[in-house]
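This report concerns only the one structure given below.
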Amino acid sequence: MKKVRKAVIPVAGLGTRFLPATKAMPKEMLTIVDRPVVQYAVDEALEAGIEHIVFVTGRNKHIIEDYFDIQPELLDTLTRSGKTDQLSTLNRMQPQPGAISFTRQQAPHGLGHAVWCAHDVIGDEPFALLLPDMVSFGERGCLAGVMELYERTGGNVVAVEQCDPLDTGSYGIVGKGPGVEKGFAITGMVEKPEPSAAPSNFYINGRYVLQPEIFGLLDNQERGAGGEIQLTDAMLRLSAAQDFFASPFEGRMFDCGSKDGFIQANVAFALARADIRDLVLEPIETIIAQQTRRSEAA
């Protein structure tokens with residue numbers, strides 16, 4: 001079993017669900033409280049022990065590269081102004097030299113194609129995959145549990161959560177097999193099944209550890225839903241030869257690729273922070289009360 005050292009974070013999407021905000025700004029740079037969405041994915045990867053992060057970017061994503069670069073003028077200004085708290089925060093978040101790579105997905109051919117674009121940087125070793133739109137909220141990041149299960153089982157591991165059984169048609173659903181410590185074997189994967197045909201109500205939530213053989217399958221993967229190269233299709237083919245396991249996440253994943261999930265994440269993270277919780281809790285409660293009264297009056 002090889003150690004998982006590298007992680008892939010695809011950031012090439014156009015963010016059309018957030019137009020017009022994403023007309024000039026990558027959706028991954030929209031902020032949850034005071035940090036961009038992509039920072040949460042990076043923090044989660046580093047917390048789980050990842051040593052090298054590979055970003056798969058697209059056109060107009062140079063802001064992400066600039067964000068993770070050192071800005072001497074800003075650091076100098078903060079130093080001269082005595083703003084030690086902000087300076088300390090930036091220094092803690094700054095990646096180590098050589099710990100981040102960028103590769104380009106030159107055309108929007110789907111998530112599977114975006115992952116394939118990282119194959120030269122990943123090489124012949126297992127890797128983690130984090131979808132940055134999915135923001136982890138809990139005592140610790142979701143990927144940490146995935147990595148721990150991988151160290152016990154090997155093979156391929158995906159994080160899962162439970163949805164309402166009536167909502168399986170909105171998710172990629174896995175079949176639940178024999179249990180393992182803090183997880184279970186996956187017996188199958190179905191994309192957006194009807195509730196009557198769903199093998200379970202466990203859905204894949206955007207965190208993976210995959211073996212490098214997935215790249216060879218993605219290289220000749222036929223286009224699937226939406227005319228795109230789908231990662232799930234290649235995972236299904238890989239599951240015929242390799243084991244897949246599921247790591248249930250005990251926290252909550254917010255889908256920040258949707259407006260409602262993004263707003264929910266901002267509220268949840270704000271209320272979880274001691275420095276601003278009391279500043280926002282009462283105004284939020286007041287707004288809810290006002291909206292309730294208006295709805296009742298209508």
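Residue numbering restarts at 1 in every chain; chains get A, B, ... in the order shown in the structure tokens, and ligands count up from 1 in that same order.
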**OP:** Name all residues at most 10 Å from segment 72-76 of chain A (count only C-alpha atoms; drop same-chain ones fewer than 4 positions away) and give them as a ChimeraX atom specification.
**Re:** /A:80-83,86-88,90-91
Write out, as a tab-separated table, each residue of segment 80-190 of chain A that has an atom at most 9 Å from segment 226-236 of chain A, together with the closest pair of atoms and their distance in Å to one decimal, counting only C-alpha atoms, rows going by chain and rising number.
```
residue	atom	partner	partner_atom	distance
A:Pro108	CA	A:Glu228	CA	8.1
A:His109	CA	A:Glu228	CA	5.0
A:Gly110	CA	A:Glu228	CA	4.8
A:Leu111	CA	A:Gln230	CA	6.0
A:Gly112	CA	A:Leu231	CA	4.1
A:His113	CA	A:Ile229	CA	5.7
A:Ala114	CA	A:Ile229	CA	8.9
A:Val115	CA	A:Leu231	CA	7.9
A:Gly172	CA	A:Thr232	CA	8.1
A:Gly188	CA	A:Leu236	CA	7.5
A:Met189	CA	A:Leu236	CA	6.7
A:Val190	CA	A:Thr232	CA	8.4
```
**OP:** Just give me the gap between atom CA of Glu51 of chain A and atom CA of Pro248 of chain A in Å, one decimal is fine.
**Re:**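 Distance between the two atoms: 23.8 Å.
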Original post:
With only C-alpha atoms as the basis for distance, which of A:Asp34, A:Asp219, A:Asp69, A:Asp260 is at the shortest distance from His119 of chain A?
Top reply: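 Closest residue, counting only C-alpha atoms: A:Asp219.
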Subject >> Residue contacts of segment 15-21 of chain A (8 Å, only C-alpha atoms) excluding same-chain residues fewer than 2 positions away, as a PyMOL selection string >> reply: chain A and resi 13+23-27+257-259
Original post:
Neighbours of Asn266 of chain A within 12 Å (only C-alpha atoms; same-chain residues fewer than 2 positions away dropped), as a PyMOL selection string?
Top reply: chain A and resi 30-37+135+137+254-256+259-264+268-273+276-277+280+284
Mind writing the picked residues with N, CA, C and O atoms as a compact mmCIF listing (two decimals), in the first residue's frame?
```txt
# COMPACT_ATOMS: atom_id res chain seq x y z
N LEU A 30 -15.06 33.04 -4.15
CA LEU A 30 -16.13 33.61 -3.34
C LEU A 30 -15.87 33.24 -1.88
O LEU A 30 -15.41 32.14 -1.58
N THR A 31 -16.17 34.13 -0.97
CA THR A 31 -15.76 33.92 0.41
C THR A 31 -16.87 33.36 1.30
O THR A 31 -18.03 33.76 1.20
N ILE A 32 -16.48 32.43 2.15
CA ILE A 32 -17.29 32.00 3.28
C ILE A 32 -16.72 32.72 4.50
O ILE A 32 -15.60 32.45 4.93
N VAL A 33 -17.44 33.69 5.00
CA VAL A 33 -17.02 34.63 6.02
C VAL A 33 -15.85 35.45 5.48
O VAL A 33 -16.06 36.42 4.77
N ASP A 34 -14.60 35.05 5.76
CA ASP A 34 -13.48 35.86 5.31
C ASP A 34 -12.42 35.04 4.58
O ASP A 34 -11.29 35.50 4.38
N ARG A 35 -12.76 33.83 4.15
CA ARG A 35 -11.81 32.99 3.41
C ARG A 35 -12.48 32.46 2.15
O ARG A 35 -13.66 32.09 2.19
N PRO A 36 -11.75 32.43 1.06
CA PRO A 36 -12.35 31.90 -0.17
C PRO A 36 -12.65 30.41 -0.04
O PRO A 36 -12.02 29.69 0.73
N VAL A 37 -13.63 29.97 -0.80
CA VAL A 37 -14.06 28.58 -0.77
C VAL A 37 -12.88 27.63 -0.95
O VAL A 37 -12.75 26.62 -0.25
N VAL A 135 -17.90 22.00 0.80
CA VAL A 135 -17.13 22.53 1.93
C VAL A 135 -17.49 21.75 3.19
O VAL A 135 -18.67 21.66 3.58
N PHE A 137 -17.80 20.77 7.06
CA PHE A 137 -18.08 21.45 8.31
C PHE A 137 -18.24 20.41 9.41
O PHE A 137 -19.13 19.55 9.36
N PHE A 254 -21.42 21.23 2.89
CA PHE A 254 -22.25 22.25 2.24
C PHE A 254 -21.89 22.33 0.77
O PHE A 254 -20.71 22.45 0.41
N ASP A 255 -22.90 22.27 -0.09
CA ASP A 255 -22.69 22.42 -1.53
C ASP A 255 -22.65 23.90 -1.86
O ASP A 255 -23.68 24.53 -2.10
N CYS A 256 -21.44 24.45 -1.89
CA CYS A 256 -21.28 25.89 -2.14
C CYS A 256 -21.26 26.21 -3.62
O CYS A 256 -20.99 27.35 -4.01
N LYS A 259 -26.51 28.41 -4.59
CA LYS A 259 -26.71 29.62 -3.79
C LYS A 259 -27.17 29.30 -2.38
O LYS A 259 -26.69 29.89 -1.41
N ASP A 260 -28.11 28.35 -2.24
CA ASP A 260 -28.60 28.04 -0.91
C ASP A 260 -27.53 27.40 -0.04
O ASP A 260 -27.38 27.74 1.14
N GLY A 261 -26.74 26.49 -0.62
CA GLY A 261 -25.67 25.88 0.16
C GLY A 261 -24.60 26.88 0.55
O GLY A 261 -24.05 26.82 1.67
N PHE A 262 -24.31 27.81 -0.34
CA PHE A 262 -23.30 28.84 -0.06
C PHE A 262 -23.76 29.73 1.10
O PHE A 262 -22.97 30.03 2.01
N ILE A 263 -25.01 30.14 1.09
CA ILE A 263 -25.53 30.99 2.16
C ILE A 263 -25.57 30.22 3.48
O ILE A 263 -25.20 30.73 4.54
N GLN A 264 -26.00 28.96 3.43
CA GLN A 264 -26.03 28.14 4.64
C GLN A 264 -24.64 27.99 5.23
O GLN A 264 -24.46 28.04 6.46
N ALA A 268 -23.41 29.01 8.97
CA ALA A 268 -22.88 27.98 9.87
C ALA A 268 -21.47 28.32 10.34
O ALA A 268 -21.15 28.22 11.54
N PHE A 269 -20.60 28.75 9.41
CA PHE A 269 -19.22 29.06 9.79
C PHE A 269 -19.16 30.33 10.64
O PHE A 269 -18.33 30.43 11.55
N ALA A 270 -20.02 31.29 10.35
CA ALA A 270 -20.03 32.52 11.15
C ALA A 270 -20.46 32.22 12.59
O ALA A 270 -19.84 32.70 13.55
N LEU A 271 -21.50 31.41 12.75
CA LEU A 271 -21.99 31.10 14.09
C LEU A 271 -21.02 30.20 14.86
O LEU A 271 -21.07 30.13 16.09
N ALA A 272 -20.14 29.51 14.14
CA ALA A 272 -19.18 28.62 14.80
C ALA A 272 -17.91 29.36 15.25
O ALA A 272 -17.08 28.78 15.96
N ARG A 273 -17.79 30.62 14.86
CA ARG A 273 -16.58 31.38 15.20
C ARG A 273 -16.83 32.29 16.39
O ARG A 273 -17.74 33.13 16.36
N ILE A 276 -17.00 36.31 15.94
CA ILE A 276 -18.09 37.04 15.30
C ILE A 276 -19.47 36.46 15.60
O ILE A 276 -20.48 37.05 15.17
N ARG A 277 -19.53 35.35 16.32
CA ARG A 277 -20.83 34.72 16.57
C ARG A 277 -21.82 35.70 17.18
O ARG A 277 -22.95 35.84 16.71
N VAL A 280 -23.38 38.37 14.84
CA VAL A 280 -24.31 38.03 13.77
C VAL A 280 -25.53 37.26 14.25
O VAL A 280 -26.57 37.25 13.56
N ILE A 284 -29.37 37.88 12.76
CA ILE A 284 -29.98 36.78 12.01
C ILE A 284 -31.34 36.43 12.60
O ILE A 284 -32.33 36.25 11.87
```
Subject >> Long-range neighbours of segment 151-161 of chain A as a list of chain:residue names, 8 Å cut-off, only C-alpha atoms, 3 positions minimum in chain >> reply: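 Non-adjacent residues within range: A:Met1, A:Cys142, A:Leu143, A:Val146, A:Met147, A:Glu148, A:Phe202, A:Tyr203, A:Ile204, A:Asn205, A:Gly206, A:Arg207, A:Tyr208, A:Val209, A:Leu210, A:Gln211, A:Gln242, A:Asp243, A:Phe244, A:Phe245, A:Ala246, A:Ser247, A:Pro248, A:Phe249, A:Glu250.
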**OP:** Any chance you could list, as a list in words, the residues in segment 92-139 of chain A that come up alpha helix (DSSP H) when DSSP is run on the backbone?
**Re:**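 Restricting segment 92-139 of chain A to alpha helix (DSSP H) produces Arg92, Met93, Leu111, Gly112, His113, Ala114, Val115, Trp116, His119, Asp120, Val121 and Ile122 of chain A.
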Those selected residues, please, written with N, CA and C atoms and delivered as a PDB file, in the first residue's frame.
```
ATOM      1  N   ARG A  92       0.486  31.578   8.306  1.00  0.00           N
ATOM      2  CA  ARG A  92       0.043  30.205   8.584  1.00  0.00           C
ATOM      3  C   ARG A  92      -0.583  29.568   7.344  1.00  0.00           C
ATOM      4  N   MET A  93      -1.267  30.368   6.551  1.00  0.00           N
ATOM      5  CA  MET A  93      -1.976  29.839   5.393  1.00  0.00           C
ATOM      6  C   MET A  93      -1.089  29.696   4.160  1.00  0.00           C
ATOM      7  N   LEU A 111     -15.744  16.454 -15.113  1.00  0.00           N
ATOM      8  CA  LEU A 111     -14.895  16.187 -13.957  1.00  0.00           C
ATOM      9  C   LEU A 111     -13.876  15.092 -14.244  1.00  0.00           C
ATOM     10  N   GLY A 112     -14.296  14.051 -14.936  1.00  0.00           N
ATOM     11  CA  GLY A 112     -13.356  12.975 -15.245  1.00  0.00           C
ATOM     12  C   GLY A 112     -12.166  13.472 -16.049  1.00  0.00           C
ATOM     13  N   HIS A 113     -12.437  14.329 -17.011  1.00  0.00           N
ATOM     14  CA  HIS A 113     -11.347  14.893 -17.820  1.00  0.00           C
ATOM     15  C   HIS A 113     -10.461  15.801 -16.984  1.00  0.00           C
ATOM     16  N   ALA A 114     -11.058  16.578 -16.069  1.00  0.00           N
ATOM     17  CA  ALA A 114     -10.266  17.451 -15.202  1.00  0.00           C
ATOM     18  C   ALA A 114      -9.314  16.629 -14.341  1.00  0.00           C
ATOM     19  N   VAL A 115      -9.805  15.523 -13.788  1.00  0.00           N
ATOM     20  CA  VAL A 115      -8.934  14.654 -12.986  1.00  0.00           C
ATOM     21  C   VAL A 115      -7.822  14.071 -13.851  1.00  0.00           C
ATOM     22  N   TRP A 116      -8.159  13.633 -15.061  1.00  0.00           N
ATOM     23  CA  TRP A 116      -7.163  13.061 -15.960  1.00  0.00           C
ATOM     24  C   TRP A 116      -6.044  14.065 -16.262  1.00  0.00           C
ATOM     25  N   HIS A 119      -2.730  13.744 -14.392  1.00  0.00           N
ATOM     26  CA  HIS A 119      -2.058  12.445 -14.321  1.00  0.00           C
ATOM     27  C   HIS A 119      -0.539  12.543 -14.361  1.00  0.00           C
ATOM     28  N   ASP A 120       0.005  13.480 -15.130  1.00  0.00           N
ATOM     29  CA  ASP A 120       1.463  13.594 -15.195  1.00  0.00           C
ATOM     30  C   ASP A 120       2.053  14.062 -13.872  1.00  0.00           C
ATOM     31  N   VAL A 121       1.342  14.912 -13.155  1.00  0.00           N
ATOM     32  CA  VAL A 121       1.847  15.418 -11.875  1.00  0.00           C
ATOM     33  C   VAL A 121       1.677  14.365 -10.775  1.00  0.00           C
ATOM     34  N   ILE A 122       0.589  13.637 -10.798  1.00  0.00           N
ATOM     35  CA  ILE A 122       0.346  12.610  -9.786  1.00  0.00           C
ATOM     36  C   ILE A 122       1.263  11.413  -9.984  1.00  0.00           C
TER      37      ILE A 122
END
```
**OP:** Tell me, in Å to one decimal, how far atom CA of Leu14 of chain A is from atom CA of Pro126 of chain A.
**Re:**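 Atom CA of Leu14 of chain A sits 27.7 Å away from atom CA of Pro126 of chain A.
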Original post:
Distance atom CA of Glu213 of chain A-atom CA of Glu125 of chain A, one decimal place?
Top reply: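 These two atoms are separated by 8.9 Å.
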**OP:** Counting only C-alpha atoms, figure out which residue out of A:Pro165, A:Leu149, A:Pro199, A:Thr22 gets nearest to Gly179 of chain A.
**Re:**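 Checking each of A:Pro165, A:Leu149, A:Pro199, A:Thr22 against Gly179 of chain A, counting only C-alpha atoms, the winner is A:Leu149.
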Original post:
If you run DSSP on the backbone, which residues of segment 179-277 of chain A are strand (DSSP E), as a PyMOL selection string?
Top reply: chain A and resi 179-180+183-191+202-210+244-248+252-255
Original post:
So which one's closest to Lys6 of chain A, A:Gly216, A:Ala274, A:Arg223, A:Ile53? Using only C-alpha atoms, please.
Top reply: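 Among the listed residues, A:Ile53 lies closest to Lys6 of chain A.
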List the spatial neighbours of Ser101 of chain A as a PDB file with N, CA and C atoms, in the first residue's frame - criterion: any atom at most 10 Å away, only C-alpha atoms, same-chain residues fewer than 6 positions off excluded.
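Saved result, out_18.pdb, follows:
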```
ATOM      1  N   VAL A   8      -5.669  16.250  -5.676  1.00  0.00           N
ATOM      2  CA  VAL A   8      -6.124  17.008  -6.841  1.00  0.00           C
ATOM      3  C   VAL A   8      -7.340  17.833  -6.436  1.00  0.00           C
ATOM      4  N   HIS A  52       1.314  17.589  -1.169  1.00  0.00           N
ATOM      5  CA  HIS A  52       1.392  18.327  -2.442  1.00  0.00           C
ATOM      6  C   HIS A  52      -0.007  18.418  -3.037  1.00  0.00           C
ATOM      7  N   ILE A  53      -0.403  19.614  -3.438  1.00  0.00           N
ATOM      8  CA  ILE A  53      -1.734  19.848  -4.002  1.00  0.00           C
ATOM      9  C   ILE A  53      -1.607  20.242  -5.466  1.00  0.00           C
ATOM     10  N   VAL A  54      -2.405  19.584  -6.299  1.00  0.00           N
ATOM     11  CA  VAL A  54      -2.419  19.859  -7.738  1.00  0.00           C
ATOM     12  C   VAL A  54      -3.749  20.514  -8.092  1.00  0.00           C
ATOM     13  N   PHE A  55      -3.705  21.762  -8.521  1.00  0.00           N
ATOM     14  CA  PHE A  55      -4.900  22.460  -8.979  1.00  0.00           C
ATOM     15  C   PHE A  55      -5.051  22.260 -10.485  1.00  0.00           C
ATOM     16  N   VAL A  56      -6.240  21.863 -10.906  1.00  0.00           N
ATOM     17  CA  VAL A  56      -6.554  21.782 -12.330  1.00  0.00           C
ATOM     18  C   VAL A  56      -7.370  23.025 -12.655  1.00  0.00           C
ATOM     19  N   GLU A  65      -4.035  31.261  -8.598  1.00  0.00           N
ATOM     20  CA  GLU A  65      -2.572  31.152  -8.501  1.00  0.00           C
ATOM     21  C   GLU A  65      -1.995  32.332  -7.731  1.00  0.00           C
ATOM     22  N   ALA A 118      -4.470  15.849 -14.426  1.00  0.00           N
ATOM     23  CA  ALA A 118      -3.442  15.863 -13.375  1.00  0.00           C
ATOM     24  C   ALA A 118      -2.562  14.632 -13.409  1.00  0.00           C
ATOM     25  N   VAL A 121       1.342  14.912 -13.155  1.00  0.00           N
ATOM     26  CA  VAL A 121       1.847  15.418 -11.875  1.00  0.00           C
ATOM     27  C   VAL A 121       1.677  14.365 -10.775  1.00  0.00           C
TER      28      VAL A 121
END
```
Subject >> Distance criterion (only C-alpha atoms): nearest to Glu181 of chain A out of A:Gly169, A:Ala41, A:Gly145, A:Arg5 >> reply: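 Distance minimum relative to Glu181 of chain A lands on A:Gly145.
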